[in-house]
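What follows is the content of query.cif (mmCIF, C-alpha atoms and all ligand atoms).
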```
data_work
loop_
_atom_site.label_atom_id
_atom_site.label_comp_id
_atom_site.auth_asym_id
_atom_site.auth_seq_id
_atom_site.Cartn_x
_atom_site.Cartn_y
_atom_site.Cartn_z
CA MET O 191 127.38 124.35 123.74
CA SER O 192 129.94 122.09 125.39
CA GLU O 193 128.66 123.34 128.72
CA VAL O 194 125.15 122.05 128.03
CA ARG O 195 124.65 119.14 130.37
CA ILE O 196 122.07 116.41 130.82
CA LYS O 197 119.82 117.30 133.71
CA GLU O 198 117.52 114.31 133.83
CA VAL O 199 116.72 111.00 132.13
CA ARG O 200 113.22 109.55 132.29
CA ALA O 201 111.87 106.21 131.06
CA TYR O 202 108.27 105.53 130.07
CA THR O 203 106.32 102.64 128.63
CA VAL O 204 103.50 102.73 126.11
CA ARG O 205 101.32 100.00 124.59
CA GLY O 206 99.82 99.52 121.15
CA GLY O 207 102.17 99.79 118.15
CA GLY O 208 104.99 102.30 118.32
CA ALA O 209 108.49 100.84 118.52
CA ASP O 210 107.06 97.47 119.57
CA TYR O 211 105.44 97.20 116.17
CA HIS O 212 104.36 93.64 116.88
CA ASP O 213 102.04 95.01 119.59
CA GLN O 214 99.05 95.40 117.25
CA GLY O 215 95.34 94.67 117.49
CA GLU O 216 93.62 91.52 116.27
CA GLY O 217 93.44 90.87 112.54
CA HIS O 218 96.74 92.62 111.70
CA TRP O 219 98.80 90.79 109.04
CA ILE O 220 101.83 90.86 111.37
CA ASP O 221 99.99 88.63 113.82
CA GLY O 222 98.70 86.18 111.24
CA GLN O 223 100.20 82.74 110.70
CA ILE O 224 103.94 83.29 110.29
CA SER O 225 106.69 80.70 110.61
CA THR O 226 108.59 81.19 113.89
CA PRO O 227 110.84 79.12 116.16
CA MET O 228 107.63 78.37 118.14
CA SER O 229 105.71 77.03 115.13
CA LYS O 230 106.78 73.46 115.95
CA TYR O 231 104.19 73.70 118.76
CA PRO O 232 100.78 73.63 117.04
CA GLU O 233 99.24 75.65 119.87
CA TYR O 234 101.60 78.58 119.13
CA ARG O 235 101.49 78.33 115.32
CA MET O 236 98.54 80.40 114.24
CA ASN O 237 99.69 83.79 115.56
CA ARG O 238 102.71 85.22 117.31
CA SER O 239 100.90 86.98 120.15
CA SER O 240 100.04 83.45 121.40
CA PHE O 241 103.65 82.98 122.52
CA GLY O 242 104.07 86.57 123.69
CA LEU O 243 105.76 88.40 120.81
CA ASN O 244 104.05 91.62 121.92
CA VAL O 245 104.82 91.16 125.60
CA LEU O 246 107.51 93.83 125.95
CA GLY O 247 105.82 96.96 124.64
CA THR O 248 107.54 100.22 123.78
CA LEU O 249 110.14 101.99 125.91
CA VAL O 250 110.35 105.78 125.59
CA VAL O 251 113.55 107.39 126.87
CA GLU O 252 113.65 111.15 127.43
CA VAL O 253 116.82 113.12 128.20
CA GLU O 254 116.44 116.72 129.31
CA ALA O 255 119.34 119.16 128.99
CA SER O 256 120.25 122.17 131.10
CA ASP O 257 119.32 124.49 128.20
CA GLY O 258 115.72 123.16 128.19
CA ASN O 259 116.03 120.91 125.12
CA VAL O 260 114.54 117.43 125.47
CA GLY O 261 115.77 114.52 123.35
CA PHE O 262 113.85 111.29 123.18
CA ALA O 263 113.79 107.92 121.45
CA VAL O 264 111.64 104.82 121.36
CA THR O 265 112.56 101.15 121.20
CA THR O 266 111.24 97.72 122.14
CA ALA O 267 111.95 97.11 125.82
CA GLY O 268 108.87 98.15 127.82
CA GLU O 269 108.89 97.99 131.58
CA ILE O 270 112.11 95.96 131.87
CA GLY O 271 113.87 98.67 129.90
CA ALA O 272 112.32 101.40 132.05
CA PHE O 273 113.70 99.68 135.14
CA ILE O 274 117.20 99.42 133.66
CA VAL O 275 117.25 103.08 132.60
CA GLU O 276 115.93 104.49 135.85
CA LYS O 277 117.62 102.18 138.34
CA HIS O 278 120.92 101.48 136.61
CA LEU O 279 121.83 103.61 133.58
CA ALA O 280 120.74 107.03 134.89
CA ARG O 281 123.98 107.36 136.88
CA PHE O 282 126.02 107.33 133.65
CA ILE O 283 123.85 109.95 131.94
CA GLU O 284 122.80 112.68 134.34
CA GLY O 285 125.27 115.51 134.83
CA ARG O 286 127.22 114.60 131.67
CA LYS O 287 127.84 116.95 128.76
CA VAL O 288 125.43 116.36 125.86
CA THR O 289 128.47 115.56 123.68
CA GLU O 290 129.69 112.67 125.84
CA ILE O 291 127.80 110.00 123.91
CA GLU O 292 130.72 107.64 123.29
CA LYS O 293 131.77 107.58 126.93
CA ILE O 294 128.20 107.13 128.15
CA TRP O 295 127.77 104.20 125.72
CA ASP O 296 130.94 102.54 126.93
CA GLN O 297 129.97 102.90 130.58
CA MET O 298 126.41 101.64 130.01
CA PHE O 299 127.69 98.62 128.08
CA ASN O 300 130.45 97.66 130.48
CA ALA O 301 128.31 98.20 133.56
CA THR O 302 125.60 95.87 132.20
CA LEU O 303 127.92 93.15 130.84
CA PHE O 304 127.16 90.90 133.81
CA TYR O 305 123.52 90.65 132.74
CA GLY O 306 123.44 92.26 129.30
CA ARG O 307 125.42 91.78 126.03
CA LYS O 308 122.38 91.16 123.81
CA GLY O 309 118.59 91.27 123.85
CA VAL O 310 116.48 93.60 125.94
CA VAL O 311 119.43 95.20 127.76
CA ILE O 312 121.01 96.27 124.49
CA ASN O 313 117.59 97.40 123.20
CA THR O 314 117.43 99.62 126.27
CA LEU O 315 120.94 100.91 125.86
CA SER O 316 120.09 101.62 122.19
CA GLY O 317 117.06 103.65 123.27
CA VAL O 318 119.22 105.80 125.54
CA ASP O 319 121.83 106.21 122.80
CA LEU O 320 119.24 107.32 120.25
CA ALA O 321 117.74 109.78 122.74
CA LEU O 322 121.24 111.25 123.27
CA TRP O 323 121.72 111.72 119.51
CA ASP O 324 118.28 113.32 119.31
CA LEU O 325 119.23 115.67 122.13
CA LEU O 326 122.58 116.58 120.59
CA GLY O 327 120.84 117.36 117.30
CA LYS O 328 118.32 119.56 119.07
CA VAL O 329 120.97 121.41 121.08
CA ARG O 330 122.96 122.04 117.87
CA GLY O 331 119.87 122.70 115.74
CA GLU O 332 120.93 120.00 113.26
CA PRO O 333 119.37 116.77 112.01
CA VAL O 334 121.14 113.58 113.10
CA HIS O 335 122.11 112.77 109.51
CA GLU O 336 124.19 115.99 109.47
CA LEU O 337 125.87 114.97 112.74
CA LEU O 338 126.73 111.64 111.09
CA GLY O 339 128.64 113.28 108.28
CA GLY O 340 125.84 114.28 105.94
CA ALA O 341 123.72 112.63 103.28
CA VAL O 342 125.50 110.78 100.48
CA ARG O 343 122.43 110.83 98.24
CA ASP O 344 119.36 113.02 97.73
CA GLU O 345 116.77 110.46 98.64
CA LEU O 346 116.13 107.09 100.21
CA GLN O 347 114.66 104.22 98.26
CA PHE O 348 112.58 101.59 100.05
CA TYR O 349 111.45 98.01 99.80
CA ALA O 350 108.31 97.09 101.72
CA THR O 351 107.80 94.33 104.26
CA GLY O 352 104.29 92.98 104.50
CA ALA O 353 101.75 90.48 103.37
CA ARG O 354 101.04 92.20 100.02
CA PRO O 355 104.07 92.80 97.81
CA ASP O 356 101.67 93.16 94.88
CA LEU O 357 100.14 96.25 96.49
CA ALA O 358 103.59 97.50 97.54
CA LYS O 359 104.60 97.41 93.89
CA ASP O 360 101.69 99.67 92.98
CA MET O 361 102.76 102.01 95.78
CA GLY O 362 106.19 102.49 94.18
CA PHE O 363 108.41 100.28 96.35
CA ILE O 364 111.39 98.51 94.76
CA GLY O 365 110.52 95.16 96.29
CA GLY O 366 108.33 93.27 98.69
CA LYS O 367 109.38 90.98 101.52
CA MET O 368 106.79 88.49 102.71
CA PRO O 369 106.71 86.61 105.97
CA LEU O 370 107.18 82.88 105.41
CA VAL O 371 104.02 81.13 106.59
CA HIS O 372 104.93 77.46 107.05
CA GLY O 373 107.86 76.07 108.99
CA PRO O 374 109.74 72.75 109.00
CA ALA O 375 107.19 71.13 111.34
CA GLU O 376 104.63 71.33 108.52
CA GLY O 377 106.79 69.11 106.37
CA ASP O 378 106.96 68.87 102.60
CA GLU O 379 103.37 69.98 102.25
CA GLY O 380 104.18 73.24 104.06
CA LEU O 381 107.27 73.73 101.91
CA ALA O 382 105.19 73.23 98.76
CA ARG O 383 102.70 75.82 100.05
CA ASN O 384 105.47 78.33 100.74
CA LEU O 385 106.73 77.90 97.19
CA ALA O 386 103.21 78.11 95.76
CA GLN O 387 102.66 81.41 97.57
CA LEU O 388 105.88 82.78 96.12
CA ALA O 389 104.95 81.54 92.66
CA ASP O 390 101.54 83.20 92.95
CA MET O 391 103.11 86.48 94.07
CA ARG O 392 105.61 86.34 91.22
CA THR O 393 102.73 86.01 88.77
CA LYS O 394 101.07 89.06 90.33
CA VAL O 395 104.14 91.36 90.42
CA GLY O 396 105.84 90.35 87.18
CA GLU O 397 109.51 89.62 86.57
CA ASP O 398 111.46 92.67 87.67
CA PHE O 399 110.07 93.37 91.11
CA TRP O 400 112.16 92.07 94.03
CA LEU O 401 110.55 89.37 96.14
CA MET O 402 112.06 88.19 99.40
CA TYR O 403 111.14 85.75 102.15
CA ASP O 404 111.55 86.63 105.84
CA CYS O 405 111.88 83.38 107.78
CA TRP O 406 112.15 84.99 111.24
CA MET O 407 114.71 82.54 112.72
CA SER O 408 112.44 79.56 112.09
CA LEU O 409 114.22 77.11 109.76
CA ASP O 410 117.09 74.66 109.80
CA VAL O 411 119.87 74.47 107.22
CA ASN O 412 118.30 71.62 105.29
CA TYR O 413 114.86 73.23 105.05
CA ALA O 414 116.30 76.66 104.25
CA THR O 415 118.46 75.16 101.50
CA ARG O 416 115.50 73.36 99.95
CA LEU O 417 113.40 76.53 100.19
CA ALA O 418 116.13 78.59 98.54
CA GLN O 419 116.64 76.04 95.77
CA GLY O 420 112.90 75.79 95.10
CA ALA O 421 112.51 79.56 95.20
CA GLN O 422 115.18 80.23 92.61
CA GLU O 423 112.72 79.49 89.82
CA PHE O 424 110.52 82.31 91.11
CA GLY O 425 113.36 84.80 91.42
CA LEU O 426 113.67 85.07 95.20
CA LYS O 427 116.12 87.93 95.77
CA TRP O 428 117.06 87.04 99.33
CA ILE O 429 116.29 84.58 102.08
CA GLU O 430 116.18 86.42 105.41
CA GLU O 431 116.91 85.29 108.95
CA ALA O 432 116.47 81.67 107.98
CA LEU O 433 118.11 80.28 111.13
CA PRO O 434 118.27 81.06 114.84
CA PRO O 435 120.66 84.01 115.39
CA ASP O 436 123.21 81.95 117.36
CA ASP O 437 123.68 79.41 114.57
CA TYR O 438 126.63 81.14 112.88
CA TRP O 439 127.85 77.77 111.58
CA GLY O 440 124.46 77.08 109.99
CA TYR O 441 124.43 80.47 108.30
CA ALA O 442 127.91 79.87 106.88
CA GLU O 443 126.70 76.55 105.45
CA LEU O 444 123.49 78.08 104.11
CA LYS O 445 125.42 80.82 102.36
CA ARG O 446 127.48 78.13 100.59
CA ASN O 447 124.30 76.19 99.70
CA VAL O 448 121.98 78.82 98.19
CA PRO O 449 121.76 79.18 94.42
CA LYS O 450 124.27 81.59 92.89
CA GLY O 451 122.92 85.12 92.93
CA MET O 452 120.47 84.63 95.77
CA LEU O 453 121.39 86.69 98.83
CA VAL O 454 121.49 85.49 102.42
CA ASN O 455 120.46 88.27 104.82
CA THR O 456 120.45 88.29 108.58
CA GLY O 457 121.32 90.24 111.73
CA GLU O 458 118.01 91.74 112.80
CA HIS O 459 118.33 89.98 116.18
CA GLU O 460 122.12 90.38 116.41
CA ALA O 461 123.74 93.03 118.58
CA THR O 462 126.98 94.99 118.96
CA ARG O 463 130.15 95.01 116.88
CA TRP O 464 131.16 91.67 118.42
CA GLY O 465 128.00 89.87 117.30
CA PHE O 466 128.29 91.27 113.79
CA ARG O 467 132.01 90.50 113.71
CA LEU O 468 131.11 86.81 114.06
CA LEU O 469 128.61 87.05 111.19
CA MET O 470 131.23 88.63 108.97
CA GLU O 471 134.31 86.63 109.91
CA MET O 472 132.37 83.40 109.47
CA ASP O 473 130.98 84.65 106.14
CA CYS O 474 127.41 83.99 107.27
CA CYS O 475 125.60 86.34 104.90
CA ASP O 476 125.71 88.89 102.11
CA VAL O 477 123.68 91.64 103.77
CA ILE O 478 123.50 92.50 107.45
CA GLN O 479 120.30 93.97 108.89
CA PRO O 480 121.03 95.52 112.28
CA ASP O 481 118.10 97.22 113.97
CA VAL O 482 119.45 100.52 115.28
CA GLY O 483 117.02 100.34 118.19
CA TRP O 484 118.26 96.86 119.15
CA CYS O 485 121.94 96.56 118.10
CA GLY O 486 123.38 99.28 120.35
CA GLY O 487 122.05 102.51 118.83
CA VAL O 488 123.64 104.81 116.29
CA THR O 489 126.94 104.88 118.21
CA GLU O 490 127.31 101.13 117.72
CA LEU O 491 125.82 101.03 114.23
CA ILE O 492 128.58 103.37 113.01
CA LYS O 493 131.12 100.73 114.08
CA ILE O 494 129.12 97.77 112.75
CA SER O 495 128.71 99.52 109.42
CA ALA O 496 132.43 100.30 109.10
CA LEU O 497 133.21 96.65 109.84
CA ALA O 498 130.69 95.57 107.20
CA ASP O 499 132.20 97.94 104.66
CA ALA O 500 135.62 96.38 105.18
CA HIS O 501 134.06 92.94 104.61
CA ASN O 502 132.18 94.03 101.47
CA LYS O 503 128.81 93.49 103.11
CA LEU O 504 125.81 95.74 102.62
CA VAL O 505 124.03 97.18 105.65
CA VAL O 506 120.27 97.42 105.26
CA PRO O 507 118.96 98.15 108.75
CA HIS O 508 115.86 96.44 110.00
CA GLY O 509 112.78 98.67 110.45
CA SER O 510 113.26 101.42 113.04
CA SER O 511 111.77 104.28 111.04
CA VAL O 512 113.57 107.65 111.40
CA TYR O 513 116.35 106.08 113.43
CA SER O 514 117.29 104.04 110.35
CA TYR O 515 116.53 106.74 107.77
CA HIS O 516 118.99 109.23 109.29
CA PHE O 517 121.70 106.57 109.20
CA VAL O 518 121.04 104.98 105.81
CA ILE O 519 121.12 108.31 103.98
CA THR O 520 124.70 108.87 105.24
CA ARG O 521 126.20 105.53 104.18
CA HIS O 522 127.49 104.34 100.82
CA ASN O 523 127.12 100.70 101.84
CA SER O 524 123.41 101.15 102.70
CA PRO O 525 121.92 101.63 99.24
CA PHE O 526 118.26 101.24 100.22
CA ALA O 527 116.07 100.96 103.30
CA GLU O 528 113.25 98.86 104.71
CA PHE O 529 109.73 100.10 105.20
CA LEU O 530 107.43 97.96 107.35
CA MET O 531 103.82 98.12 106.20
CA MET O 532 101.94 98.73 109.41
CA ALA O 533 98.45 99.12 107.94
CA PRO O 534 96.59 96.00 109.18
CA LYS O 535 96.00 94.73 105.62
CA ALA O 536 99.30 96.12 104.26
CA ASP O 537 97.23 98.05 101.76
CA GLU O 538 98.37 101.60 102.50
CA VAL O 539 101.46 103.43 103.68
CA VAL O 540 101.15 104.53 107.29
CA PRO O 541 103.99 105.68 109.57
CA MET O 542 106.01 102.70 110.79
CA PHE O 543 105.76 103.64 114.48
CA ASN O 544 102.13 104.65 114.20
CA PRO O 545 100.54 106.12 116.32
CA LEU O 546 103.37 107.05 118.69
CA LEU O 547 105.26 109.70 116.73
CA LEU O 548 104.17 112.96 115.16
CA ASP O 549 105.92 114.24 112.01
CA GLU O 550 107.15 110.70 111.23
CA PRO O 551 107.97 110.84 107.51
CA ILE O 552 106.70 108.16 105.15
CA PRO O 553 107.86 107.19 101.67
CA GLU O 554 106.06 108.59 98.66
CA GLN O 555 106.19 106.33 95.63
CA GLY O 556 108.72 104.24 97.57
CA ARG O 557 111.09 107.18 98.06
CA MET O 558 111.89 109.84 100.64
CA LYS O 559 113.77 113.07 99.97
CA VAL O 560 116.52 114.02 102.42
CA SER O 561 114.56 117.24 102.99
CA ALA O 562 111.93 115.10 104.81
CA LEU O 563 114.64 114.52 107.43
CA ASP O 564 115.77 118.12 107.79
CA ARG O 565 114.60 118.89 111.30
CA PRO O 566 116.78 118.98 114.45
CA GLY O 567 117.56 115.59 116.01
CA PHE O 568 115.54 112.77 114.51
CA GLY O 569 112.83 115.31 113.67
CA VAL O 570 109.89 113.60 115.36
CA ARG O 571 107.68 114.39 118.37
CA LEU O 572 105.81 112.16 120.78
CA ASN O 573 102.10 112.03 120.12
CA PRO O 574 100.46 113.48 123.26
CA GLU O 575 97.44 111.24 122.64
CA CYS O 576 99.51 108.14 123.45
CA ALA O 577 99.39 107.58 127.20
CA LEU O 578 102.89 107.27 128.67
CA HIS O 579 103.44 105.44 131.94
CA ARG O 580 106.51 105.94 134.14
CA PRO O 581 106.72 102.75 136.21
CA TYR O 582 109.99 103.57 138.03
CA ILE O 583 111.37 106.91 139.19
CA HIS O 584 114.97 107.07 140.35
C1 LIG O 601 107.55 90.14 109.07
C2 LIG O 601 108.55 89.60 110.03
O1 LIG O 601 108.12 88.38 110.54
C3 LIG O 601 108.82 90.54 111.20
O2 LIG O 601 107.63 90.84 111.85
C4 LIG O 601 109.48 91.81 110.74
C5 LIG O 601 110.85 91.54 110.23
O3 LIG O 601 111.50 90.59 110.56
C6 LIG O 601 111.40 92.46 109.23
O4 LIG O 601 110.83 93.51 108.98
O5 LIG O 601 112.45 92.15 108.69
MG MG O 602 113.27 90.29 109.23
#
```

Starting from the file, lay out its structure as structure tokens.
Ligand SMILES: C[C@H](O)[C@H](O)CC(=O)C(=O)O
Ligand SMILES: [Mg+2]
Amino acid sequence: MSEVRIKEVRAYTVRGGGADYHDQGEGHWIDGQISTPMSKYPEYRMNRSSFGLNVLGTLVVEVEASDGNVGFAVTTAGEIGAFIVEKHLARFIEGRKVTEIEKIWDQMFNATLFYGRKGVVINTLSGVDLALWDLLGKVRGEPVHELLGGAVRDELQFYATGARPDLAKDMGFIGGKMPLVHGPAEGDEGLARNLAQLADMRTKVGEDFWLMYDCWMSLDVNYATRLAQGAQEFGLKWIEEALPPDDYWGYAELKRNVPKGMLVNTGEHEATRWGFRLLMEMDCCDVIQPDVGWCGGVTELIKISALADAHNKLVVPHGSSVYSYHFVITRHNSPFAEFLMMAPKADEVVPMFNPLLLDEPIPEQGRMKVSALDRPGFGVRLNPECALHRPYIH
């Protein structure tokens, strides 16, 4: 097994859903009015595709081994990511043993430091890392969660992100996270509307169901504090990504300001152990939400999670479908997982990376048995009906 080597790495792009789950058609809830850092410009307020949220598209990384196994993974990085993989990272991957994941990660990260560190470069690196874990699992005939030390519980439990927590409740989820609609530029009237929407949802779901607000980096400390204080009456469980990711100082202040018992969550757009170290050392939040396809892959998430454990922080990864499920099931400090409702009206459970993957498991009654993850690697296949494009060949 140790002699199995990586023969070739290939990078493709694909449009329409998949890992770039914001790349959806018209009328999808995820492209409705949602508060963003661009909402202060009225012309970019009504949907997020107007300012280019779906501009990247999905990157598919394939790694082929000398024994014929092919590992793959998907993330958000599109053509830029394909360029980086083919023209830069391939040299650190091809010819290496399939077990050399840590060394490959270190070389990819250090070799891209002069233009990387965060953002699309780390998304790309994450995609390669996940493909390597998929390949190792396939070569060994084991699911990734076994490679990570094995499941610590029999099943995953999910909350749902989407426009309809009331429907998510009926579908068996433990909670519903709504996108915040109005941002600070819409003033007190917008704030009142945000609170009215929460109040209305609380009436619909009853007392015990978790309700959360995802603010997608769009607020300032003052607004976020007022939102949190107003939302306490309606039992808001957490306020998520209230501030821009670089405002560590603001997060620390917000965490001190929110009502006792309300959680401050963030980290979806943070990357690497160094970024998360800042969040933890500055006591910015209660729960970190790394996206395994954006934070540095599984190799980095292992380190981030250990750091979080030592700081008594929970790790509830953002989205990322099977790549998150295989990790969450192996960690004591990840007690539940996120499920993004990708049906356009958030009224049914469809696979999160729909339509790109085949065999992508979905929760049933808000839960997923570990047996749903018991296939080699991450246990998914690329859907041959999704047209892949290879823009660069090294
Ligand atoms: C709904 C949010 O605005 C975003 O699209 C997804 C997200 O931040 C999350 O799932 O968390
Ligand atoms: Mg979020």

Residues within 7 Å of ligand LIG 601 (chain O) (only C-alpha atoms and all ligand atoms), as a ChimeraX atom specification?
/O:212,220,224,351-352,368-369,404-406,458,508-509,530

Polymer residues at most 9 Å from Ile364 of chain O, all atoms listed in the file, same-chain spacing of 2 or more positions, as an NGL selection string
:O and (347-350 or 358-359 or 362 or 366 or 399-400 or 556)

Please identify all polymer residues within 8 Å of segment 213-216 of chain O, counting only C-alpha atoms, omitting same-chain residues fewer than 5 positions from it, and present them as a list in words.
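The filter keeps Arg205, Gly206, Gly207, Gly208, Asp221, Leu243, Asn244, Val245 and Gly247 of chain O.
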
Write out, as a compact mmCIF listing (two decimals), in the frame of the given file, the residues just selected, with C-alpha atoms.
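The resulting again-v8.txt:
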```
# COMPACT_ATOMS: atom_id res chain seq x y z
CA ARG O 205 101.32 100.00 124.59
CA GLY O 206 99.82 99.52 121.15
CA GLY O 207 102.17 99.79 118.15
CA GLY O 208 104.99 102.30 118.32
CA ASP O 221 99.99 88.63 113.82
CA LEU O 243 105.76 88.40 120.81
CA ASN O 244 104.05 91.62 121.92
CA VAL O 245 104.82 91.16 125.60
CA GLY O 247 105.82 96.96 124.64
```

Selection as a list of chain:residue names: residues within 6 Å of (111.8, 73.3, 104.3), counting all atoms listed in the file
O:Pro374, O:Leu381, O:Tyr413, O:Ala414, O:Arg416, O:Leu417

I need the residue nearest Leu357 of chain O from this list: O:Asp499, O:Phe543, O:Leu578, O:Ala533. Use all atoms listed in the file for the distance.
O:Ala533

Since fewer atoms than expected are present, regenerate all heavy atoms for segment 358-366 of chain O and write them as a short mmCIF file (atom, residue, chain, number, x, y, z; two decimals), keeping the file's coordinate frame.
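And here's selection35.cif as it stands now:
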```
data_model
loop_
_atom_site.label_atom_id
_atom_site.label_comp_id
_atom_site.auth_asym_id
_atom_site.auth_seq_id
_atom_site.Cartn_x
_atom_site.Cartn_y
_atom_site.Cartn_z
N ALA O 358 102.39 96.67 97.33
CA ALA O 358 103.59 97.50 97.54
C ALA O 358 104.17 97.93 96.20
O ALA O 358 104.68 99.05 96.05
CB ALA O 358 104.62 96.71 98.35
N LYS O 359 104.09 97.05 95.21
CA LYS O 359 104.60 97.41 93.89
C LYS O 359 103.83 98.61 93.34
O LYS O 359 104.42 99.58 92.84
CB LYS O 359 104.47 96.21 92.93
CG LYS O 359 105.09 96.52 91.59
CD LYS O 359 104.92 95.41 90.61
CE LYS O 359 105.54 95.85 89.28
NZ LYS O 359 105.08 95.07 88.16
N ASP O 360 102.51 98.55 93.47
CA ASP O 360 101.69 99.67 92.98
C ASP O 360 101.99 100.96 93.74
O ASP O 360 101.77 102.06 93.22
CB ASP O 360 100.19 99.35 93.14
CG ASP O 360 99.79 98.15 92.31
OD1 ASP O 360 100.53 97.84 91.34
OD2 ASP O 360 98.76 97.50 92.62
N MET O 361 102.46 100.82 94.97
CA MET O 361 102.76 102.01 95.78
C MET O 361 104.17 102.54 95.53
O MET O 361 104.61 103.47 96.20
CB MET O 361 102.60 101.68 97.27
CG MET O 361 101.16 101.39 97.68
SD MET O 361 101.14 100.94 99.45
CE MET O 361 99.98 99.59 99.44
N GLY O 362 104.90 101.93 94.60
CA GLY O 362 106.19 102.49 94.18
C GLY O 362 107.41 101.91 94.86
O GLY O 362 108.54 102.39 94.64
N PHE O 363 107.24 100.88 95.68
CA PHE O 363 108.41 100.28 96.35
C PHE O 363 109.23 99.47 95.34
O PHE O 363 108.70 99.01 94.33
CB PHE O 363 107.96 99.40 97.52
CG PHE O 363 107.40 100.20 98.67
CD1 PHE O 363 106.03 100.44 98.79
CD2 PHE O 363 108.25 100.74 99.63
CE1 PHE O 363 105.52 101.20 99.84
CE2 PHE O 363 107.75 101.50 100.68
CZ PHE O 363 106.38 101.73 100.79
N ILE O 364 110.54 99.26 95.69
CA ILE O 364 111.39 98.51 94.76
C ILE O 364 111.27 97.00 94.94
O ILE O 364 111.75 96.24 94.12
CB ILE O 364 112.89 98.90 94.87
CG1 ILE O 364 113.35 98.87 96.33
CG2 ILE O 364 113.17 100.21 94.20
CD1 ILE O 364 114.84 99.09 96.51
N GLY O 365 110.67 96.59 96.05
CA GLY O 365 110.52 95.16 96.29
C GLY O 365 109.58 94.91 97.43
O GLY O 365 109.16 95.83 98.13
N GLY O 366 109.24 93.63 97.61
CA GLY O 366 108.33 93.27 98.69
C GLY O 366 108.84 92.02 99.40
O GLY O 366 109.21 91.03 98.76
#
```
